[in-house]
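**Student:** Supplied structure: entry-v8.txt, compact mmCIF, C-alpha atoms and all ligand atoms.
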# COMPACT_ATOMS: atom_id res chain seq x y z
CA MET A 1 -8.22 20.41 -4.32
CA LYS A 2 -10.09 20.12 -7.61
CA GLN A 3 -12.61 17.34 -8.09
CA LEU A 4 -12.20 15.34 -11.26
CA GLU A 5 -15.95 14.76 -11.57
CA GLN A 6 -16.48 18.49 -11.94
CA ILE A 7 -13.88 19.28 -14.58
CA ASP A 8 -14.68 19.51 -18.29
CA LEU A 9 -12.05 17.44 -20.09
CA SER A 10 -13.78 16.96 -23.39
CA ASN A 11 -11.23 16.54 -26.19
CA GLN A 12 -8.42 17.42 -23.77
CA ARG A 13 -5.23 15.40 -23.63
CA VAL A 14 -5.20 13.95 -20.09
CA LEU A 15 -2.09 12.39 -18.62
CA LEU A 16 -3.07 9.82 -15.99
CA ARG A 17 -0.40 8.66 -13.50
CA ALA A 18 -1.69 5.28 -12.39
CA ASP A 19 -0.18 2.58 -10.17
CA LEU A 20 -0.08 -0.52 -12.36
CA ASN A 21 2.88 -2.08 -10.58
CA ALA A 22 1.48 -5.62 -10.56
CA PRO A 23 3.58 -8.67 -9.65
CA LEU A 24 4.66 -10.67 -12.73
CA LYS A 25 6.20 -14.08 -13.33
CA VAL A 26 7.63 -15.77 -16.42
CA ASP A 27 5.40 -18.62 -17.70
CA SER A 28 6.54 -21.83 -19.43
CA ASN A 29 6.46 -20.06 -22.83
CA GLY A 30 8.77 -17.32 -21.59
CA GLN A 31 5.88 -14.80 -21.49
CA MET A 32 5.34 -12.44 -18.56
CA GLN A 33 2.16 -13.31 -16.65
CA ILE A 34 0.44 -11.07 -14.11
CA THR A 35 -0.02 -12.93 -10.82
CA ASP A 36 -2.25 -10.35 -9.07
CA ASP A 37 -4.16 -7.73 -11.07
CA GLY A 38 -5.62 -5.97 -8.00
CA ARG A 39 -3.91 -2.68 -8.79
CA LEU A 40 -5.12 -2.76 -12.40
CA LYS A 41 -8.69 -3.31 -11.27
CA ALA A 42 -8.34 -0.47 -8.77
CA SER A 43 -7.36 1.86 -11.63
CA VAL A 44 -10.38 1.12 -13.81
CA ALA A 45 -12.85 3.57 -12.19
CA THR A 46 -10.82 6.67 -13.05
CA ILE A 47 -10.10 5.51 -16.60
CA GLU A 48 -13.80 4.87 -17.16
CA LEU A 49 -14.60 8.32 -15.85
CA LEU A 50 -12.09 9.84 -18.27
CA ILE A 51 -13.62 7.84 -21.13
CA LYS A 52 -17.05 9.15 -20.16
CA LYS A 53 -15.62 12.66 -20.13
CA ASN A 54 -14.38 12.23 -23.71
CA ALA A 55 -10.76 12.85 -22.80
CA LYS A 56 -7.83 11.67 -24.88
CA ILE A 57 -6.22 9.43 -22.30
CA ILE A 58 -2.48 8.96 -21.90
CA ILE A 59 -1.58 6.45 -19.19
CA LEU A 60 1.70 6.89 -17.37
CA ALA A 61 2.96 4.20 -14.97
CA HIS A 62 5.98 2.25 -13.76
CA LEU A 63 6.82 -1.39 -13.23
CA GLY A 64 9.45 -2.62 -10.79
CA ARG A 65 12.80 -0.88 -10.41
CA PRO A 66 14.63 -0.81 -13.77
CA LYS A 67 16.70 2.17 -12.49
CA GLY A 68 16.89 4.01 -15.80
CA GLU A 69 17.57 0.94 -17.96
CA ARG A 70 15.26 -0.53 -20.63
CA LYS A 71 14.86 -3.95 -19.00
CA PRO A 72 12.54 -5.93 -21.33
CA GLU A 73 11.12 -8.04 -18.47
CA LEU A 74 9.84 -4.81 -16.91
CA SER A 75 7.97 -3.59 -20.01
CA LEU A 76 4.41 -2.37 -19.41
CA LYS A 77 3.19 -4.16 -22.58
CA PRO A 78 1.59 -7.15 -20.80
CA ILE A 79 0.02 -4.68 -18.35
CA ALA A 80 -1.50 -2.66 -21.24
CA LYS A 81 -2.94 -5.85 -22.68
CA ARG A 82 -4.55 -6.97 -19.40
CA LEU A 83 -5.85 -3.49 -18.60
CA GLY A 84 -7.38 -3.36 -22.10
CA GLU A 85 -9.19 -6.63 -21.33
CA LEU A 86 -10.52 -5.22 -18.05
CA LEU A 87 -11.76 -2.09 -19.84
CA ASN A 88 -12.97 -3.98 -22.88
CA LYS A 89 -11.11 -1.47 -25.00
CA PRO A 90 -7.85 -1.56 -26.96
CA ILE A 91 -4.93 0.38 -25.51
CA ALA A 92 -2.34 1.77 -27.92
CA PHE A 93 1.27 1.59 -26.74
CA ALA A 94 4.18 4.01 -27.12
CA GLU A 95 7.55 2.37 -26.62
CA ASN A 96 9.64 5.50 -26.67
CA LEU A 97 9.08 8.88 -25.09
CA ASN A 98 11.50 10.47 -27.57
CA ASP A 99 9.67 9.23 -30.65
CA PRO A 100 9.08 12.35 -32.82
CA GLU A 101 5.73 10.84 -33.89
CA LEU A 102 4.46 10.64 -30.30
CA THR A 103 2.70 14.04 -30.21
CA THR A 104 0.99 13.30 -33.53
CA ARG A 105 -0.17 9.93 -32.22
CA ILE A 106 -1.62 11.58 -29.13
CA ASP A 107 -3.28 14.39 -31.10
CA SER A 108 -4.92 11.89 -33.40
CA LEU A 109 -6.51 9.92 -30.53
CA ASN A 110 -10.30 10.13 -30.63
CA PRO A 111 -12.08 11.25 -27.46
CA GLY A 112 -12.20 8.28 -25.05
CA GLU A 113 -9.26 6.49 -26.70
CA ILE A 114 -6.24 5.39 -24.69
CA LEU A 115 -2.51 5.31 -25.24
CA MET A 116 -0.09 3.91 -22.65
CA LEU A 117 3.49 5.10 -22.33
CA GLU A 118 6.29 2.59 -21.63
CA ASN A 119 7.60 2.12 -18.05
CA ILE A 120 8.50 5.63 -16.88
CA ARG A 121 11.30 4.23 -14.71
CA TYR A 122 13.18 3.35 -17.91
CA GLU A 123 13.99 7.08 -17.70
CA LYS A 124 16.68 7.68 -15.09
CA ASP A 125 15.42 11.22 -14.40
CA GLU A 126 12.16 9.82 -13.01
CA THR A 127 13.59 8.89 -9.62
CA SER A 128 16.54 11.31 -9.54
CA LYS A 129 17.25 13.11 -6.26
CA ASP A 130 18.12 16.17 -8.34
CA GLN A 131 15.09 18.36 -8.95
CA THR A 132 16.52 19.81 -12.23
CA GLU A 133 16.89 16.31 -13.66
CA ARG A 134 13.39 15.34 -12.61
CA ASN A 135 12.03 18.58 -13.96
CA ARG A 136 13.64 17.90 -17.34
CA LEU A 137 11.53 14.72 -17.65
CA ALA A 138 8.43 16.39 -16.21
CA GLN A 139 8.70 19.14 -18.89
CA LYS A 140 8.83 16.49 -21.60
CA LEU A 141 5.74 14.78 -20.19
CA ALA A 142 3.87 18.07 -19.69
CA GLN A 143 4.25 18.87 -23.39
CA LEU A 144 2.19 15.78 -24.21
CA ALA A 145 -0.91 16.84 -22.28
CA ASP A 146 -3.31 19.58 -21.18
CA PHE A 147 -4.24 18.12 -17.80
CA PHE A 148 -2.72 15.78 -15.19
CA VAL A 149 -4.52 13.26 -13.00
CA ILE A 150 -2.72 11.50 -10.16
CA ASP A 151 -4.35 8.18 -9.31
CA GLY A 152 -1.34 6.08 -8.32
CA PHE A 153 -1.81 6.00 -4.55
CA GLY A 154 1.13 3.57 -4.30
CA VAL A 155 3.49 6.39 -5.41
CA VAL A 156 2.05 9.55 -3.83
CA HIS A 157 4.60 9.37 -1.00
CA ARG A 158 7.38 9.75 -3.57
CA GLU A 159 9.00 12.93 -4.85
CA GLN A 160 9.29 11.80 -8.49
CA ALA A 161 9.02 13.42 -11.92
CA SER A 162 5.77 11.68 -12.87
CA VAL A 163 4.23 12.29 -9.43
CA THR A 164 5.14 15.71 -8.01
CA ASP A 165 7.15 17.62 -10.63
CA ILE A 166 4.61 17.13 -13.39
CA ALA A 167 1.78 18.30 -11.11
CA ARG A 168 3.57 21.65 -10.78
CA LEU A 169 3.51 22.09 -14.57
CA LEU A 170 -0.07 21.17 -15.54
CA PRO A 171 -3.49 21.82 -14.08
CA SER A 172 -4.01 18.72 -11.90
CA ALA A 173 -6.52 16.75 -9.88
CA PRO A 174 -6.61 13.48 -7.96
CA GLY A 175 -8.30 10.45 -9.52
CA LYS A 176 -11.08 8.41 -7.95
CA LEU A 177 -8.77 5.85 -6.33
CA VAL A 178 -6.65 8.53 -4.66
CA GLU A 179 -9.86 10.25 -3.56
CA ALA A 180 -11.17 7.01 -2.02
CA GLU A 181 -7.86 6.36 -0.23
CA GLN A 182 -7.79 9.91 1.14
CA LYS A 183 -11.35 9.67 2.33
CA ALA A 184 -10.75 6.38 4.18
CA PHE A 185 -7.59 7.60 5.91
CA ASP A 186 -9.16 10.96 6.75
CA LYS A 187 -11.94 9.13 8.48
CA VAL A 188 -9.66 7.01 10.68
CA LEU A 189 -7.15 9.77 11.33
CA LYS A 190 -9.43 12.73 11.92
CA ASN A 191 -12.89 11.49 12.69
CA PRO A 192 -12.94 7.94 14.09
CA GLU A 193 -16.03 6.56 15.75
CA ARG A 194 -15.18 4.97 19.13
CA PRO A 195 -14.13 2.56 20.46
CA TYR A 196 -11.19 2.74 18.06
CA VAL A 197 -9.00 -0.38 17.87
CA VAL A 198 -5.74 -0.62 15.93
CA VAL A 199 -4.29 -4.05 15.18
CA LEU A 200 -0.58 -4.03 14.38
CA GLY A 201 1.70 -6.85 13.32
CA GLY A 202 4.29 -7.60 10.66
CA SER A 203 7.97 -8.15 10.92
CA LYS A 204 9.76 -5.06 12.15
CA VAL A 205 8.85 -2.96 15.14
CA SER A 206 11.15 -0.25 13.75
CA ASP A 207 8.87 0.07 10.68
CA LYS A 208 5.85 0.64 12.90
CA LEU A 209 7.11 2.86 15.75
CA GLY A 210 6.11 5.98 13.80
CA VAL A 211 2.60 4.61 13.35
CA ILE A 212 2.25 3.79 17.05
CA ASN A 213 3.61 7.19 18.08
CA ASN A 214 1.00 8.93 15.97
CA LEU A 215 -1.96 6.67 16.68
CA ILE A 216 -1.41 6.52 20.42
CA ASN A 217 -2.99 9.97 20.57
CA LYS A 218 -6.13 8.79 18.84
CA VAL A 219 -6.92 5.17 19.66
CA ASP A 220 -8.52 3.39 22.61
CA LEU A 221 -6.89 0.01 22.17
CA LEU A 222 -3.78 -1.31 20.47
CA LEU A 223 -3.51 -5.05 19.73
CA ILE A 224 0.03 -6.13 18.85
CA GLY A 225 0.87 -9.42 17.16
CA GLY A 226 3.32 -10.60 14.49
CA GLY A 227 7.10 -10.46 14.74
CA MET A 228 7.03 -6.98 16.27
CA ALA A 229 5.27 -8.29 19.39
CA PHE A 230 8.47 -9.98 20.60
CA THR A 231 10.28 -6.70 21.18
CA PHE A 232 7.30 -5.68 23.34
CA LEU A 233 7.38 -9.02 25.21
CA LYS A 234 11.13 -8.66 25.75
CA ALA A 235 10.46 -5.20 27.18
CA GLN A 236 8.33 -7.03 29.79
CA SER A 237 11.45 -9.10 30.58
CA LEU A 238 10.19 -12.27 28.89
CA GLU A 239 12.47 -14.74 27.12
CA VAL A 240 11.69 -14.69 23.38
CA GLY A 241 14.17 -17.35 22.19
CA GLN A 242 15.08 -16.98 18.51
CA SER A 243 12.01 -14.87 17.67
CA LEU A 244 12.35 -11.59 15.78
CA LEU A 245 13.78 -9.05 18.19
CA GLU A 246 15.07 -5.52 17.72
CA ILE A 247 17.08 -5.12 20.87
CA ASP A 248 18.12 -1.56 19.96
CA ARG A 249 14.45 -0.53 20.05
CA LEU A 250 13.75 -1.70 23.60
CA ASP A 251 14.06 1.80 25.06
CA GLU A 252 11.63 3.26 22.55
CA VAL A 253 9.19 0.42 23.15
CA ASN A 254 9.39 0.98 26.93
CA LYS A 255 8.70 4.68 26.41
CA LEU A 256 5.69 3.86 24.26
CA MET A 257 4.29 1.50 26.90
CA ASN A 258 4.55 4.27 29.50
CA LEU A 259 3.04 6.82 27.15
CA ALA A 260 0.14 4.45 26.50
CA LYS A 261 -0.49 4.18 30.24
CA GLU A 262 -0.52 7.97 30.58
CA LYS A 263 -2.97 8.30 27.72
CA ASN A 264 -5.18 5.50 28.96
CA VAL A 265 -4.57 3.46 25.82
CA GLU A 266 -4.61 -0.27 26.48
CA ILE A 267 -1.82 -2.18 24.71
CA VAL A 268 -2.69 -5.86 24.39
CA LEU A 269 0.15 -8.32 23.71
CA PRO A 270 0.03 -12.04 22.84
CA VAL A 271 -0.45 -14.47 25.74
CA ASP A 272 0.50 -17.58 23.74
CA VAL A 273 2.47 -18.19 20.54
CA VAL A 274 3.00 -20.86 17.90
CA ILE A 275 6.68 -21.80 17.91
CA SER A 276 9.08 -23.82 15.79
CA LYS A 277 12.78 -24.04 15.04
CA GLU A 278 12.30 -23.32 11.36
CA LEU A 279 10.38 -20.55 9.63
CA ASP A 280 9.38 -22.73 6.65
CA GLY A 281 7.27 -25.22 8.62
CA SER A 282 9.77 -28.06 8.17
CA SER A 283 10.30 -28.76 11.89
CA GLU A 284 7.99 -29.51 14.79
CA VAL A 285 5.33 -26.87 15.52
CA LYS A 286 4.01 -26.28 19.07
CA THR A 287 1.98 -23.74 21.00
CA VAL A 288 3.27 -22.32 24.28
CA GLU A 289 2.44 -19.53 26.75
CA VAL A 290 4.59 -16.45 26.15
CA ALA A 291 6.39 -17.10 29.45
CA ASN A 292 7.60 -20.49 28.16
CA ILE A 293 9.34 -19.82 24.84
CA PRO A 294 12.40 -22.13 24.70
CA VAL A 295 15.72 -20.42 23.91
CA ASP A 296 16.17 -22.36 20.66
CA GLN A 297 12.70 -21.68 19.16
CA LYS A 298 11.05 -18.86 17.21
CA GLY A 299 7.55 -17.48 17.72
CA LEU A 300 5.92 -17.49 14.30
CA ASP A 301 2.21 -16.91 14.91
CA ILE A 302 -0.16 -15.88 17.70
CA GLY A 303 -1.71 -18.82 19.57
CA PRO A 304 -5.39 -19.75 20.04
CA LYS A 305 -5.76 -17.98 23.42
CA THR A 306 -4.40 -14.78 21.89
CA ILE A 307 -6.78 -15.12 18.95
CA GLU A 308 -9.70 -15.37 21.38
CA LEU A 309 -8.39 -12.46 23.46
CA PHE A 310 -7.95 -10.22 20.38
CA LYS A 311 -11.42 -11.19 19.09
CA THR A 312 -13.02 -10.24 22.42
CA LYS A 313 -11.23 -6.88 22.35
CA LEU A 314 -12.40 -6.31 18.77
CA ASN A 315 -16.07 -7.02 19.55
CA GLN A 316 -16.92 -3.51 20.75
CA ALA A 317 -14.94 -1.66 18.08
CA LYS A 318 -16.61 0.93 15.86
CA THR A 319 -13.41 1.77 13.97
CA VAL A 320 -10.61 -0.69 13.17
CA VAL A 321 -7.32 -0.13 11.40
CA TRP A 322 -5.30 -3.24 10.68
CA ASN A 323 -1.68 -3.14 9.56
CA GLY A 324 0.69 -6.09 9.56
CA PRO A 325 0.09 -9.87 9.60
CA MET A 326 -0.18 -11.69 12.95
CA GLY A 327 2.32 -14.35 11.89
CA VAL A 328 4.26 -15.78 8.96
CA PHE A 329 1.03 -16.08 6.95
CA GLU A 330 2.89 -17.20 3.81
CA VAL A 331 3.48 -20.61 5.50
CA LYS A 332 0.33 -22.63 6.19
CA GLN A 333 1.32 -23.71 9.72
CA PHE A 334 1.69 -20.06 10.77
CA SER A 335 -1.21 -18.47 8.88
CA ASN A 336 -4.04 -19.18 11.30
CA GLY A 337 -3.68 -16.08 13.50
CA THR A 338 -3.73 -13.71 10.52
CA LYS A 339 -6.65 -15.54 8.95
CA GLU A 340 -8.78 -15.60 12.12
CA ILE A 341 -8.14 -11.96 13.03
CA ALA A 342 -8.65 -10.71 9.48
CA GLN A 343 -11.88 -12.69 9.24
CA LYS A 344 -13.08 -11.29 12.56
CA ILE A 345 -12.31 -7.71 11.48
CA SER A 346 -14.21 -8.25 8.23
CA GLU A 347 -17.30 -9.42 10.15
CA LEU A 348 -17.49 -6.50 12.61
CA SER A 349 -20.10 -3.82 12.25
CA ALA A 350 -17.35 -1.22 12.38
CA TYR A 351 -15.56 0.97 9.85
CA THR A 352 -12.58 -1.16 8.83
CA VAL A 353 -9.43 -0.11 7.01
CA VAL A 354 -6.50 -2.32 6.00
CA GLY A 355 -3.11 -0.71 5.30
CA GLY A 356 0.20 -2.33 4.36
CA GLY A 357 1.18 -4.30 1.28
CA ASP A 358 1.56 -7.67 2.98
CA SER A 359 -1.68 -7.34 4.94
CA ALA A 360 -3.62 -6.70 1.72
CA ALA A 361 -1.80 -9.61 0.06
CA ALA A 362 -2.66 -11.83 3.05
CA ILE A 363 -6.38 -11.13 2.62
CA ARG A 364 -6.21 -12.37 -0.97
CA LEU A 365 -3.85 -15.28 -0.30
CA LEU A 366 -5.96 -16.58 2.59
CA GLY A 367 -9.09 -16.41 0.46
CA LEU A 368 -10.97 -13.85 2.57
CA ASP A 369 -13.77 -11.74 1.14
CA GLU A 370 -12.24 -8.36 0.22
CA SER A 371 -15.62 -6.71 -0.13
CA LYS A 372 -16.30 -7.16 3.60
CA PHE A 373 -13.68 -4.57 4.53
CA ASP A 374 -14.59 -0.91 4.10
CA HIS A 375 -11.23 -0.06 2.59
CA ILE A 376 -8.14 -2.05 1.61
CA SER A 377 -5.37 0.34 0.72
CA THR A 378 -3.50 -0.17 -2.57
CA GLY A 379 -0.41 1.62 -1.24
CA GLY A 380 1.79 -0.06 1.38
CA GLY A 381 4.36 2.70 1.91
CA ALA A 382 1.89 5.54 1.33
CA SER A 383 -0.64 4.12 3.79
CA LEU A 384 2.05 3.71 6.47
CA GLU A 385 3.18 7.31 6.01
CA LEU A 386 -0.40 8.54 6.37
CA LEU A 387 -0.81 6.50 9.56
CA GLU A 388 2.44 8.05 10.81
CA GLY A 389 0.78 11.44 10.35
CA LYS A 390 3.03 12.51 7.48
CA GLU A 391 1.99 14.66 4.54
CA LEU A 392 2.38 12.91 1.20
CA PRO A 393 4.22 15.05 -1.39
CA GLY A 394 2.09 13.80 -4.30
CA LEU A 395 -1.06 15.02 -2.55
CA LYS A 396 0.40 18.16 -1.02
CA VAL A 397 1.41 19.46 -4.44
CA LEU A 398 -2.24 19.33 -5.53
CA GLU A 399 -3.14 21.75 -2.75
CA GLU A 400 -0.44 24.16 -3.92
CA VAL A 401 -1.50 24.36 -7.57
P1 LIG B 1 2.73 -4.86 5.85
O1 LIG B 1 3.38 -4.95 4.48
O2 LIG B 1 1.31 -5.27 5.84
O3 LIG B 1 2.96 -3.49 6.49
P2 LIG B 1 5.05 -6.01 7.12
O4 LIG B 1 5.85 -5.78 5.88
O5 LIG B 1 5.36 -5.17 8.29
O6 LIG B 1 3.48 -5.91 6.79
O7 LIG B 1 5.23 -7.51 7.61
C1 LIG B 1 4.91 -8.60 6.80
C2 LIG B 1 5.83 -9.75 7.09
O8 LIG B 1 5.92 -10.02 8.46
C3 LIG B 1 5.34 -11.03 6.43
O9 LIG B 1 6.23 -11.40 5.42
C4 LIG B 1 5.32 -12.05 7.60
O10 LIG B 1 5.84 -13.31 7.22
C5 LIG B 1 6.22 -11.39 8.61
N1 LIG B 1 5.93 -11.85 9.98
C6 LIG B 1 4.79 -11.75 10.68
N2 LIG B 1 4.90 -12.33 11.89
C7 LIG B 1 6.15 -12.80 11.98
C8 LIG B 1 6.89 -13.51 12.99
N3 LIG B 1 6.34 -13.84 14.15
N4 LIG B 1 8.17 -13.84 12.72
C9 LIG B 1 8.73 -13.51 11.53
N5 LIG B 1 8.11 -12.85 10.56
C10 LIG B 1 6.82 -12.49 10.76
MG MG B 2 5.43 -5.22 3.86
Once you've parsed the file, please lay out its structure as structure tokens.
Ligand code: ADP
Ligand code: MG

**Tutor:**
Amino acid sequence: MKQLEQIDLSNQRVLLRADLNAPLKVDSNGQMQITDDGRLKASVATIELLIKKNAKIIILAHLGRPKGERKPELSLKPIAKRLGELLNKPIAFAENLNDPELTTRIDSLNPGEILMLENIRYEKDETSKDQTERNRLAQKLAQLADFFVIDGFGVVHREQASVTDIARLLPSAPGKLVEAEQKAFDKVLKNPERPYVVVLGGSKVSDKLGVINNLINKVDLLLIGGGMAFTFLKAQSLEVGQSLLEIDRLDEVNKLMNLAKEKNVEIVLPVDVVISKELDGSSEVKTVEVANIPVDQKGLDIGPKTIELFKTKLNQAKTVVWNGPMGVFEVKQFSNGTKEIAQKISELSAYTVVGGGDSAAAIRLLGLDESKFDHISTGGGASLELLEGKELPGLKVLEEV
């Protein structure tokens, strides 16, 4: 794979595929406001490098899922404005890919100047399953540039025109964010320092079985909390009441528990849970041992004994991967487990990586110090696929060219 730092891009037209898919909400004046600009900030390093390299920069990105329609609420305009503020530099905007003036506008950019293209998912070919349709759009994009940089880690697991097809048409390299993500996941997947502890949580065990299957060959200890823990507890013949349960996954979970035993991997499950009848915190909240969950209650967070147990297990760790909240962290009454465990991980003298969209969001929402983790992934789906041991098409294509 080429290294962006080493490539001469002076006066070249560089098409940068970034992930600027920030959450937006409508304010009282009917304007779109960005509620979390984390992904924009994460894109700055590569853009600054391209400015330093005197490239003519064309930014290519998506917002939401307009599915080939020009939905005005999913325009990238407010994103261009905010990104310009972060860079302290104006960003020109091109509303239409088919504008005959577009090539002239790009050619007349001065080195280091930036133009952003409108939401690429306004084009229905972008996400088409049909390679010829995607290629049609990729050809159009390729004509605008001399070089392609992929820096949208949040989309590298997708086979899409602006991710994979374009990279087959132009000389290409990964950006600094993608490089940093790759480096962090390489470290925990290929070269982890031991003891290696993985903390898993979140809602669905079915989403995480692939991760466990892959990591069970590498880790020393697996701590399981969140909604997915209840399928594991049920597999131990415990009553889980109204808690999240994927009964059709019991067999797979049993197999995994046996496999873990064979491989000498310790799986640690909750010993107590915070329960309630309602998920929104509106009814009585209690803590019980896992053997005493009433039939009419849901487990919504790990309890204090489990927090202590998990913390003790984390103490010795030299590598930690965390994916999935320990409870319904969005509701104050059920956020304590996630907060305590995340805080503990951030304070360890270990190499710490956070994957998963909600886990990264939890760190920000709960007011934890992001800089105390070694790496917080910007790509939920992409990070999960890496942890599952899959190859990501947007990165694989760079090895081919
Ligand atoms: P990530 O995006 O980090 O991979 P997931 O998407 O797997 O995480 O899970 C996040 C969701 O899991 C959160 O919305 C959280 O409310 C939910 N969750 C965690 N624990 C529980 C639980 N005990 N019961 C129901 N939902 C839970
Ligand atoms: Mg999620």

**Student:** Select, counting only C-alpha atoms, all protein, DNA and RNA residues no farther than 8 Å from (-5.1, -1.2, -1.3) in file coordinates, and express the selection as an mmCIF file with C-alpha atoms, keeping the file's coordinate frame.

**Tutor:**
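The resulting part_33.cif:
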data_model
loop_
_atom_site.group_PDB
_atom_site.id
_atom_site.type_symbol
_atom_site.label_atom_id
_atom_site.label_comp_id
_atom_site.auth_asym_id
_atom_site.auth_seq_id
_atom_site.Cartn_x
_atom_site.Cartn_y
_atom_site.Cartn_z
ATOM 1 C CA ARG A 39 -3.910 -2.680 -8.790
ATOM 2 C CA VAL A 354 -6.500 -2.320 6.000
ATOM 3 C CA GLY A 355 -3.110 -0.710 5.300
ATOM 4 C CA GLY A 356 0.200 -2.330 4.360
ATOM 5 C CA GLY A 357 1.180 -4.300 1.280
ATOM 6 C CA ALA A 360 -3.620 -6.700 1.720
ATOM 7 C CA HIS A 375 -11.230 -0.060 2.590
ATOM 8 C CA ILE A 376 -8.140 -2.050 1.610
ATOM 9 C CA SER A 377 -5.370 0.340 0.720
ATOM 10 C CA THR A 378 -3.500 -0.170 -2.570
ATOM 11 C CA GLY A 379 -0.410 1.620 -1.240
ATOM 12 C CA GLY A 380 1.790 -0.060 1.380
#

**Student:** Which of these residues is nearest to Leu83 (chain A), using only C-alpha atoms: A:Lys140, A:Lys2, A:Lys124, A:Lys41?

**Tutor:** A:Lys41

**Student:** Give as a PDB file with C-alpha atoms, in the frame of the given file the residues surrounding ligand MG 2 (chain B) up to a distance of 10 Å, considering only C-alpha atoms and all ligand atoms.

**Tutor:**
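Okay, pocket16.pdb is ready:
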ATOM      1  CA  GLY A 202       4.290  -7.600  10.660  1.00  0.00           C
ATOM      2  CA  SER A 203       7.970  -8.150  10.920  1.00  0.00           C
ATOM      3  CA  LYS A 204       9.760  -5.060  12.150  1.00  0.00           C
ATOM      4  CA  ASP A 207       8.870   0.070  10.680  1.00  0.00           C
ATOM      5  CA  ASN A 323      -1.680  -3.140   9.560  1.00  0.00           C
ATOM      6  CA  GLY A 324       0.690  -6.090   9.560  1.00  0.00           C
ATOM      7  CA  PRO A 325       0.090  -9.870   9.600  1.00  0.00           C
ATOM      8  CA  GLY A 355      -3.110  -0.710   5.300  1.00  0.00           C
ATOM      9  CA  GLY A 356       0.200  -2.330   4.360  1.00  0.00           C
ATOM     10  CA  GLY A 357       1.180  -4.300   1.280  1.00  0.00           C
ATOM     11  CA  ASP A 358       1.560  -7.670   2.980  1.00  0.00           C
ATOM     12  CA  SER A 359      -1.680  -7.340   4.940  1.00  0.00           C
ATOM     13  CA  ALA A 360      -3.620  -6.700   1.720  1.00  0.00           C
ATOM     14  CA  ALA A 361      -1.800  -9.610   0.060  1.00  0.00           C
ATOM     15  CA  GLY A 380       1.790  -0.060   1.380  1.00  0.00           C
ATOM     16  CA  GLY A 381       4.360   2.700   1.910  1.00  0.00           C
ATOM     17  CA  LEU A 384       2.050   3.710   6.470  1.00  0.00           C
TER      18      LEU A 384
END

**Student:** Just the number, please: distance in Å from CA of Met1 (chain A) to CA of Ser172 (chain A), one decimal.

**Tutor:**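 These atoms are spaced 8.8 Å apart.
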
**Student:** Just to confirm, what's the straight-line distance from CA of Asp186 (chain A) to CA of Leu60 (chain A) in Å (one decimal)?

**Tutor:**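 Spanning CA of Asp186 (chain A) to CA of Leu60 (chain A) is a straight-line distance of 26.8 Å.
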
**Student:** Given the point (7.4, -4.4, 22.9) in the coordinates of this file, which residues lie within 9 Å, counting only C-alpha atoms, and how would they look as a list in words?

**Tutor:** Val205, Ile224, Met228, Ala229, Phe230, Thr231, Phe232, Leu233, Lys234, Ala235, Gln236, Arg249, Leu250, Glu252, Val253, Asn254, Leu256, Met257 and Leu269 of chain A

**Student:** Rank nothing, just name the residue among A:Leu49, A:Ile267, A:Leu97, A:Leu102 nearest to Glu123 (chain A), using only C-alpha atoms.

**Tutor:** A:Leu97

**Student:** So that I can see what lies close to Gly299 (chain A), please list as number ranges by chain the residues with an atom at most 7 Å from it, counting only C-alpha atoms and leaving out residues fewer than 6 positions away in the same chain.

**Tutor:** A: 243, 273-276

**Student:** Using all atoms listed in the file for the distances, tell me which of A:Phe148, A:Phe310, A:Trp322, A:Phe93 is nearest to ligand LIG 1 (chain B).

**Tutor:**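 Closest candidate: A:Trp322.
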
**Student:** Would you list the contacts of Leu16 (chain A) as a list in words, taking every protein, DNA or RNA residue within 8 Å and counting all atoms listed in the file, but skipping same-chain residues closer than 6 positions in sequence?

**Tutor:**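 Close residues of Leu16 (chain A): Ile57, Ile58, Ile59, Leu60, Phe148, Val149, Ile150 and Asp151 of chain A.
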
**Student:** Record the distance separating CA of Ser283 (chain A) and CA of Thr338 (chain A), expressed in Å with one decimal.

**Tutor:**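 Computing it gives 20.6 Å between the two atoms.
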
**Student:** I'd like to know which of A:Gly154, A:Gly389, A:Gly210, A:Gly327 is closest to Lys298 (chain A), using all atoms listed in the file.

**Tutor:**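 Checking each of A:Gly154, A:Gly389, A:Gly210, A:Gly327 against Lys298 (chain A), counting all atoms listed in the file, the winner is A:Gly327.
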
**Student:** So, with all atoms listed in the file as the atoms that count, which of A:Gly281, A:Glu391, A:Glu289, A:Leu366 lies closest to Leu238 (chain A)?

**Tutor:** A:Glu289
